[in-house]
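Student: Provided herewith is a single structure, encoded as structure tokens, for subsequent inquiry.
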Amino acid sequence: MNGYADPRFASAADRFDAAIASQQSGGAAFSVYVDGACVIDLHGGESRPGVSWDKTTLSLMFSNTKGFVSVLVAKLVEDGALNPDQTVSHYWPEFERVSATLTVSQLMEHRAGLSAVRADLTRDDVLDHDRLIAVLLNQEPLWEPGTGYAYHAITFGTLADELIRRVDGRTASEMFRDVFARPLGVDAWIGLPESEQQHVAEFSVSAPIQAADAEPGTHAYWAERALTFGDVFPLRTIGMPGVGFNDPAVHRAELPGANAISTARGIAKMWSSVVTPTDGVRTVSDETVDLLTVKRVNGPSVWGEPGPWSDRGFGVMLATPGRPPLLSESSFGHDGFGGQAGWADSRHRAGIGFVTNHLTTGPHEHERWLSLVAEVRRVLEKG
């Protein structure tokens, strides 16, 4: 383990050592801000075989990207550019092909009926924003938009990005840079500059992840296809060098549902700025935090997955009764595939970030960072 931990949080540093030791390969990083100050910034293990994880190591954060994009959309509401109760087609007329009644809020609640694509696409199709938008606009929705929800694992970010472009003129990547990365001075991108590729951690897995191989058209088929786009990001290739989310072309693309890249400290600092001034920067107001954190979604999706289900707000995940506790009941943010995490907490005025390049799935997927958060919570509640 390397880095820094305030003596008050020494026990959390010990747990980080245990988290690294639990991994069969790779490394991780964990950071916490409280009241705008960094109190934990730790890293350890390897960013790729034979290369130590250091303070400059970057990691793709998977779906934690959605949390930041949700804050960007909420900021447009704060600025008066968006009405969450207005229809998407009001701002984006071509969306009427999908639905004339779906609201901005419903889009952020994963209710668009576009969680997966029906067509078999190539990697280049998926990485081309305009091409992917055209496919989504011209396919029959998987269910009637607005009548139910299902997790839009990758398409959420593409749809939100197009809405941002229509309303603001910037891309989600540009707005992310202007709202978060530059004001806070953090290394963070949606669409990585080629010059930064050398710093990106390489993902690994203990064993190949098995696909469900569900019958086409079934609920399980569509739920998996939302993650994989068929053969674009097949589960069996996750962790292989140079392919899927280890592919530099994927890192350079703008997929605002899944491929933001930063450090754990960058993630924690950005989330901190959502709830408290951090280096003089407050990203959004308390009223916008209220908009983000009103519970809007709970229970089974249209695909009927078994619970317990996560409560969701305006695009963000919320602390949920019956699921592992976070820093407090006021925590919100997003987890990410394989064990990534980024959360803000209004009660403790805190932000946390955890990234790892050793991906795990199943019931223990988020065990590493949940253990760390539990210890930070214990220290904060102790006072």
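Note on naming: chains are A, B, ... as they come in the structure tokens, residues start from 1 per chain, ligands start from 1 in the order shown.
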Could you name the residues that touch Gly351 of chain A at 6 Å or less, counting only C-alpha atoms, but leaving out those on the same chain fewer than 5 positions away, as a PyMOL selection string?

Tutor: chain A and resi 32-33+268+271-272+343-344

Student: Please identify all polymer residues within 12 Å of Phe245 of chain A, counting only C-alpha atoms, omitting same-chain residues fewer than 3 positions from it, and present them as a ChimeraX atom specification.

Tutor: /A:59-62,123,127,200-204,227-228,232-235,237-242,248-253,255,258-261,337-338,357,359

Student: What is the distance between atom CA of Glu365 of chain A and atom CA of Gln340 of chain A, in Å to one decimal?

Tutor: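 Between these atoms lies a distance of 8.9 Å.
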
Student: Could you pull the residues within 8 Å of Gly299 of chain A, counting only C-alpha atoms, minus those fewer than 5 positions along the same chain, as a PyMOL selection string?

Tutor: chain A and resi 307-311

Student: What does the file look like for those residues with N, CA, C and O atoms, as an mmCIF file, in the first residue's frame?

Tutor:
data_model
loop_
_atom_site.group_PDB
_atom_site.id
_atom_site.type_symbol
_atom_site.label_atom_id
_atom_site.label_comp_id
_atom_site.auth_asym_id
_atom_site.auth_seq_id
_atom_site.Cartn_x
_atom_site.Cartn_y
_atom_site.Cartn_z
ATOM 1 N N GLY A 307 -34.987 -9.324 -6.420
ATOM 2 C CA GLY A 307 -34.434 -8.296 -5.562
ATOM 3 C C GLY A 307 -33.318 -8.834 -4.688
ATOM 4 O O GLY A 307 -32.927 -9.992 -4.819
ATOM 5 N N PRO A 308 -32.806 -7.993 -3.767
ATOM 6 C CA PRO A 308 -33.234 -6.616 -3.522
ATOM 7 C C PRO A 308 -32.758 -5.665 -4.615
ATOM 8 O O PRO A 308 -31.689 -5.847 -5.182
ATOM 9 N N TRP A 309 -33.592 -4.677 -4.902
ATOM 10 C CA TRP A 309 -33.311 -3.733 -5.976
ATOM 11 C C TRP A 309 -32.783 -2.425 -5.399
ATOM 12 O O TRP A 309 -33.144 -2.029 -4.289
ATOM 13 N N SER A 310 -31.970 -1.760 -6.175
ATOM 14 C CA SER A 310 -31.451 -0.457 -5.753
ATOM 15 C C SER A 310 -32.487 0.630 -5.998
ATOM 16 O O SER A 310 -33.107 0.671 -7.063
ATOM 17 N N ASP A 311 -32.658 1.512 -5.027
ATOM 18 C CA ASP A 311 -33.428 2.723 -5.257
ATOM 19 C C ASP A 311 -32.628 3.631 -6.188
ATOM 20 O O ASP A 311 -31.394 3.683 -6.115
#

Student: Looking at A:Pro145, A:Glu78, A:Gln24, A:Ser115, which one is nearest to Ser99 of chain A, with distances taken over only C-alpha atoms?

Tutor: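 For Ser99 of chain A, the nearest of the candidates is A:Pro145.
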
Student: Could you tell me, as a list in words, which residues of segment 92-329 of chain A DSSP assigns to strand (DSSP E or B) when given the backbone?

Tutor: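 Filtering segment 92-329 of chain A down to strand (DSSP E or B) leaves Thr103, Ala188, Trp189, Ile190, Val200, Ser204, Val205, Ala260, Ile261, Ser262, Thr278, Val281, Val297, Arg312, Met317 and Leu318 of chain A.
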
Student: For the residues in that selection, give me all heavy atoms as a tab-separated table (two decimals), in the first residue's frame.

Tutor:
chain	number	residue	atom	x	y	z
A	103	THR	N	-40.76	11.95	-20.68
A	103	THR	CA	-40.20	13.17	-20.12
A	103	THR	C	-38.70	13.03	-19.87
A	103	THR	O	-38.15	11.92	-19.86
A	103	THR	CB	-40.88	13.54	-18.80
A	103	THR	OG1	-40.56	12.54	-17.82
A	103	THR	CG2	-42.39	13.65	-18.96
A	188	ALA	N	-9.40	13.61	-15.43
A	188	ALA	CA	-10.66	12.89	-15.65
A	188	ALA	C	-11.17	13.22	-17.04
A	188	ALA	O	-11.18	14.40	-17.43
A	188	ALA	CB	-11.69	13.28	-14.60
A	189	TRP	N	-11.60	12.20	-17.77
A	189	TRP	CA	-12.05	12.39	-19.14
A	189	TRP	C	-13.17	11.41	-19.47
A	189	TRP	O	-13.22	10.29	-18.95
A	189	TRP	CB	-10.92	12.12	-20.14
A	189	TRP	CG	-9.72	12.99	-20.02
A	189	TRP	CD1	-9.49	14.18	-20.66
A	189	TRP	CD2	-8.55	12.75	-19.22
A	189	TRP	NE1	-8.27	14.68	-20.31
A	189	TRP	CE2	-7.67	13.84	-19.42
A	189	TRP	CE3	-8.18	11.71	-18.35
A	189	TRP	CZ2	-6.44	13.92	-18.79
A	189	TRP	CZ3	-6.96	11.79	-17.71
A	189	TRP	CH2	-6.10	12.89	-17.93
A	190	ILE	N	-14.07	11.84	-20.33
A	190	ILE	CA	-14.93	10.94	-21.09
A	190	ILE	C	-14.43	11.06	-22.52
A	190	ILE	O	-14.76	12.00	-23.24
A	190	ILE	CB	-16.42	11.33	-20.98
A	190	ILE	CG1	-16.89	11.31	-19.53
A	190	ILE	CG2	-17.28	10.37	-21.82
A	190	ILE	CD1	-18.31	11.83	-19.33
A	200	VAL	N	-3.17	4.13	-18.09
A	200	VAL	CA	-4.43	3.43	-17.82
A	200	VAL	C	-4.18	2.00	-17.35
A	200	VAL	O	-3.45	1.24	-18.00
A	200	VAL	CB	-5.33	3.43	-19.07
A	200	VAL	CG1	-6.62	2.67	-18.80
A	200	VAL	CG2	-5.64	4.87	-19.48
A	204	SER	N	-8.18	-7.26	-15.44
A	204	SER	CA	-7.99	-8.71	-15.45
A	204	SER	C	-9.13	-9.36	-14.68
A	204	SER	O	-9.86	-8.69	-13.92
A	204	SER	CB	-6.66	-9.08	-14.79
A	204	SER	OG	-6.66	-8.73	-13.40
A	205	VAL	N	-9.30	-10.65	-14.87
A	205	VAL	CA	-10.30	-11.44	-14.14
A	205	VAL	C	-9.63	-12.73	-13.68
A	205	VAL	O	-8.64	-13.16	-14.25
A	205	VAL	CB	-11.54	-11.76	-14.99
A	205	VAL	CG1	-12.32	-10.50	-15.32
A	205	VAL	CG2	-11.15	-12.49	-16.27
A	260	ALA	N	-15.89	6.80	-18.59
A	260	ALA	CA	-15.08	7.86	-18.00
A	260	ALA	C	-13.84	7.24	-17.35
A	260	ALA	O	-13.88	6.11	-16.85
A	260	ALA	CB	-15.88	8.65	-16.98
A	261	ILE	N	-12.76	7.99	-17.37
A	261	ILE	CA	-11.48	7.50	-16.83
A	261	ILE	C	-10.92	8.56	-15.89
A	261	ILE	O	-10.88	9.75	-16.22
A	261	ILE	CB	-10.50	7.20	-17.98
A	261	ILE	CG1	-10.97	5.96	-18.76
A	261	ILE	CG2	-9.08	7.01	-17.47
A	261	ILE	CD1	-10.10	5.61	-19.96
A	262	SER	N	-10.49	8.11	-14.72
A	262	SER	CA	-9.89	9.02	-13.74
A	262	SER	C	-9.11	8.21	-12.73
A	262	SER	O	-8.86	7.02	-12.92
A	262	SER	CB	-10.98	9.87	-13.06
A	262	SER	OG	-10.41	10.89	-12.25
A	278	THR	N	-15.20	22.35	-2.60
A	278	THR	CA	-13.98	21.56	-2.63
A	278	THR	C	-12.97	22.32	-3.49
A	278	THR	O	-13.22	22.55	-4.68
A	278	THR	CB	-14.26	20.17	-3.22
A	278	THR	OG1	-15.30	19.54	-2.45
A	278	THR	CG2	-13.01	19.30	-3.21
A	281	VAL	N	-14.71	25.01	-5.21
A	281	VAL	CA	-15.67	24.67	-6.27
A	281	VAL	C	-16.84	23.92	-5.67
A	281	VAL	O	-16.68	22.91	-4.99
A	281	VAL	CB	-15.00	23.79	-7.35
A	281	VAL	CG1	-16.03	23.36	-8.40
A	281	VAL	CG2	-13.84	24.53	-8.00
A	297	VAL	N	-37.30	5.34	-8.61
A	297	VAL	CA	-37.34	3.99	-9.17
A	297	VAL	C	-37.02	2.98	-8.08
A	297	VAL	O	-36.05	3.15	-7.33
A	297	VAL	CB	-36.32	3.84	-10.32
A	297	VAL	CG1	-36.29	2.40	-10.83
A	297	VAL	CG2	-36.62	4.80	-11.46
A	312	ARG	N	-33.35	4.34	-7.06
A	312	ARG	CA	-32.70	5.26	-7.99
A	312	ARG	C	-33.40	6.60	-7.95
A	312	ARG	O	-34.61	6.68	-7.77
A	312	ARG	CB	-32.72	4.70	-9.41
A	312	ARG	CG	-31.84	3.49	-9.60
A	312	ARG	CD	-31.84	2.99	-11.03
A	312	ARG	NE	-30.93	1.86	-11.17
A	312	ARG	CZ	-29.63	1.94	-11.41
A	312	ARG	NH1	-29.08	3.14	-11.55
A	312	ARG	NH2	-28.88	0.87	-11.50
A	317	MET	N	-27.82	6.28	-8.29
A	317	MET	CA	-28.22	5.27	-7.32
A	317	MET	C	-28.26	5.92	-5.94
A	317	MET	O	-27.49	6.84	-5.65
A	317	MET	CB	-27.24	4.10	-7.34
A	317	MET	CG	-27.14	3.39	-8.67
A	317	MET	SD	-25.87	2.09	-8.71
A	317	MET	CE	-26.64	0.86	-7.66
A	318	LEU	N	-29.16	5.41	-5.10
A	318	LEU	CA	-29.35	5.96	-3.76
A	318	LEU	C	-29.06	4.91	-2.70
A	318	LEU	O	-29.15	3.70	-2.97
A	318	LEU	CB	-30.79	6.44	-3.59
A	318	LEU	CG	-31.35	7.39	-4.65
A	318	LEU	CD1	-32.83	7.67	-4.38
A	318	LEU	CD2	-30.55	8.69	-4.68

Student: Would you please give, as a VMD selection string, all residues of segment 42-175 of chain A that DSSP assigns to alpha helix (DSSP H) based on the backbone?

Tutor: chain A and resid 64 to 78 88 to 91 104 to 108 123 to 127 129 to 138 155 to 168 172 to 175

Student: Keeping only C-alpha atoms, take the residues you just selected and write them out as an mmCIF file, in the first residue's frame.

Tutor:
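For reference, out.cif as written:
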data_model
loop_
_atom_site.group_PDB
_atom_site.id
_atom_site.type_symbol
_atom_site.label_atom_id
_atom_site.label_comp_id
_atom_site.auth_asym_id
_atom_site.auth_seq_id
_atom_site.Cartn_x
_atom_site.Cartn_y
_atom_site.Cartn_z
ATOM 1 C CA ASN A 64 -19.850 5.467 -12.177
ATOM 2 C CA THR A 65 -19.745 7.552 -15.363
ATOM 3 C CA LYS A 66 -23.566 7.611 -15.277
ATOM 4 C CA GLY A 67 -23.538 9.320 -11.905
ATOM 5 C CA PHE A 68 -21.475 12.223 -13.194
ATOM 6 C CA VAL A 69 -23.538 12.526 -16.382
ATOM 7 C CA SER A 70 -26.672 12.652 -14.221
ATOM 8 C CA VAL A 71 -25.175 15.579 -12.289
ATOM 9 C CA LEU A 72 -24.493 17.345 -15.606
ATOM 10 C CA VAL A 73 -28.116 16.949 -16.715
ATOM 11 C CA ALA A 74 -29.300 18.136 -13.297
ATOM 12 C CA LYS A 75 -27.038 21.177 -13.614
ATOM 13 C CA LEU A 76 -28.808 22.081 -16.852
ATOM 14 C CA VAL A 77 -32.049 21.971 -14.858
ATOM 15 C CA GLU A 78 -30.463 24.219 -12.220
ATOM 16 C CA VAL A 88 -37.540 14.789 -24.411
ATOM 17 C CA SER A 89 -38.902 15.507 -27.894
ATOM 18 C CA HIS A 90 -39.451 19.161 -26.943
ATOM 19 C CA TYR A 91 -35.668 19.573 -26.860
ATOM 20 C CA VAL A 104 -36.645 14.162 -19.287
ATOM 21 C CA SER A 105 -37.101 12.690 -15.812
ATOM 22 C CA GLN A 106 -38.297 9.399 -17.274
ATOM 23 C CA LEU A 107 -35.274 9.278 -19.578
ATOM 24 C CA MET A 108 -33.054 9.664 -16.503
ATOM 25 C CA ARG A 123 -17.470 -1.880 -32.344
ATOM 26 C CA ASP A 124 -17.086 1.126 -34.649
ATOM 27 C CA ASP A 125 -20.883 1.550 -34.777
ATOM 28 C CA VAL A 126 -21.103 1.661 -30.980
ATOM 29 C CA LEU A 127 -18.172 4.063 -30.629
ATOM 30 C CA HIS A 129 -22.159 8.640 -31.273
ATOM 31 C CA ASP A 130 -24.189 9.748 -34.287
ATOM 32 C CA ARG A 131 -24.400 6.236 -35.701
ATOM 33 C CA LEU A 132 -25.548 4.756 -32.404
ATOM 34 C CA ILE A 133 -28.135 7.508 -31.906
ATOM 35 C CA ALA A 134 -29.517 6.820 -35.393
ATOM 36 C CA VAL A 135 -29.894 3.121 -34.564
ATOM 37 C CA LEU A 136 -31.679 3.886 -31.295
ATOM 38 C CA LEU A 137 -34.074 6.381 -32.907
ATOM 39 C CA ASN A 138 -35.029 3.998 -35.680
ATOM 40 C CA THR A 155 -27.265 3.556 -23.926
ATOM 41 C CA PHE A 156 -28.201 5.729 -20.918
ATOM 42 C CA GLY A 157 -25.090 7.823 -21.429
ATOM 43 C CA THR A 158 -25.517 8.086 -25.199
ATOM 44 C CA LEU A 159 -29.118 9.277 -24.844
ATOM 45 C CA ALA A 160 -28.238 11.755 -22.078
ATOM 46 C CA ASP A 161 -25.299 12.981 -24.160
ATOM 47 C CA GLU A 162 -27.561 13.757 -27.121
ATOM 48 C CA LEU A 163 -29.973 15.617 -24.837
ATOM 49 C CA ILE A 164 -27.065 17.674 -23.457
ATOM 50 C CA ARG A 165 -25.912 18.468 -26.999
ATOM 51 C CA ARG A 166 -29.393 19.629 -28.032
ATOM 52 C CA VAL A 167 -29.860 21.852 -24.985
ATOM 53 C CA ASP A 168 -26.368 23.131 -24.271
ATOM 54 C CA ALA A 172 -21.254 15.411 -22.367
ATOM 55 C CA SER A 173 -17.468 15.029 -22.578
ATOM 56 C CA GLU A 174 -16.972 18.778 -22.973
ATOM 57 C CA MET A 175 -19.403 19.609 -20.193
#

Student: Please compute the atom CA of Leu42 of chain A-atom CA of Arg377 of chain A distance, one decimal, in Å.

Tutor: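 Atom-to-atom, atom CA of Leu42 of chain A to atom CA of Arg377 of chain A, that is 17.1 Å.
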
Student: What is the atom CA of Glu215 of chain A-atom CA of Ile154 of chain A distance in Å, reported with one decimal?

Tutor: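 Separation of atom CA of Glu215 of chain A and atom CA of Ile154 of chain A: 21.5 Å.
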
Student: Counting only C-alpha atoms, which residue out of A:Ala10, A:Ile352, A:Met270, A:Ala21 sits closest to Asp335 of chain A?

Tutor: A:Ile352

Student: Write out as a list of chain:residue names which residues come within 7 Å of Ala211 of chain A when counting only C-alpha atoms, dropping same-chain ones fewer than 2 positions away.

Tutor: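 In the requested form, the answer reads A:Ile209, A:Asp213, A:Leu235, A:Arg236.
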
Student: Which residues are close to Thr283 of chain A, i.e. within 7 Å by only C-alpha atoms, leaving aside same-chain residues fewer than 2 positions away? Reply as a count of residues only.

Tutor: 4

Student: Write out as a list of chain:residue names the residues lying within 10 Å of Glu381 of chain A, counting only C-alpha atoms and excluding same-chain residues fewer than 5 positions away.

Tutor: A:Leu327, A:Ser328, A:His348, A:Glu375, A:Val376

Student: Would you mind telling me which residue in A:Pro141, A:Ile267, A:Gln197, A:Gly191 lies nearest to Trp222 of chain A when using only C-alpha atoms?

Tutor: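 Closest to Trp222 of chain A of all the choices is A:Pro141.
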
Student: Counting only C-alpha atoms, what is within 12 Å of His364 of chain A, bar same-chain residues fewer than 6 positions away, as a list in words?

Tutor: Ser22, Gln23, Pro324, Phe337, Gly338, Gly339, Leu370 and Ser371 of chain A

Student: Considering only C-alpha atoms, state which residue in the set A:Ala264, A:Ala116, A:Val284, A:Ala319 is at the smallest distance from Trp369 of chain A.

Tutor: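 Nearest candidate to Trp369 of chain A out of A:Ala264, A:Ala116, A:Val284, A:Ala319: A:Ala264.
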
Student: Between A:Ser346, A:Pro183, A:Phe314, A:His110, which has the minimum distance to Trp143 of chain A (counting only C-alpha atoms)?

Tutor: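 Ranked by minimum distance to Trp143 of chain A, first place goes to A:His110.
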
Student: Looking at only C-alpha atoms, which of A:Trp53, A:Phe180, A:Phe9, A:Tyr4 is the one that sits closest to Ser25 of chain A?

Tutor: A:Trp53
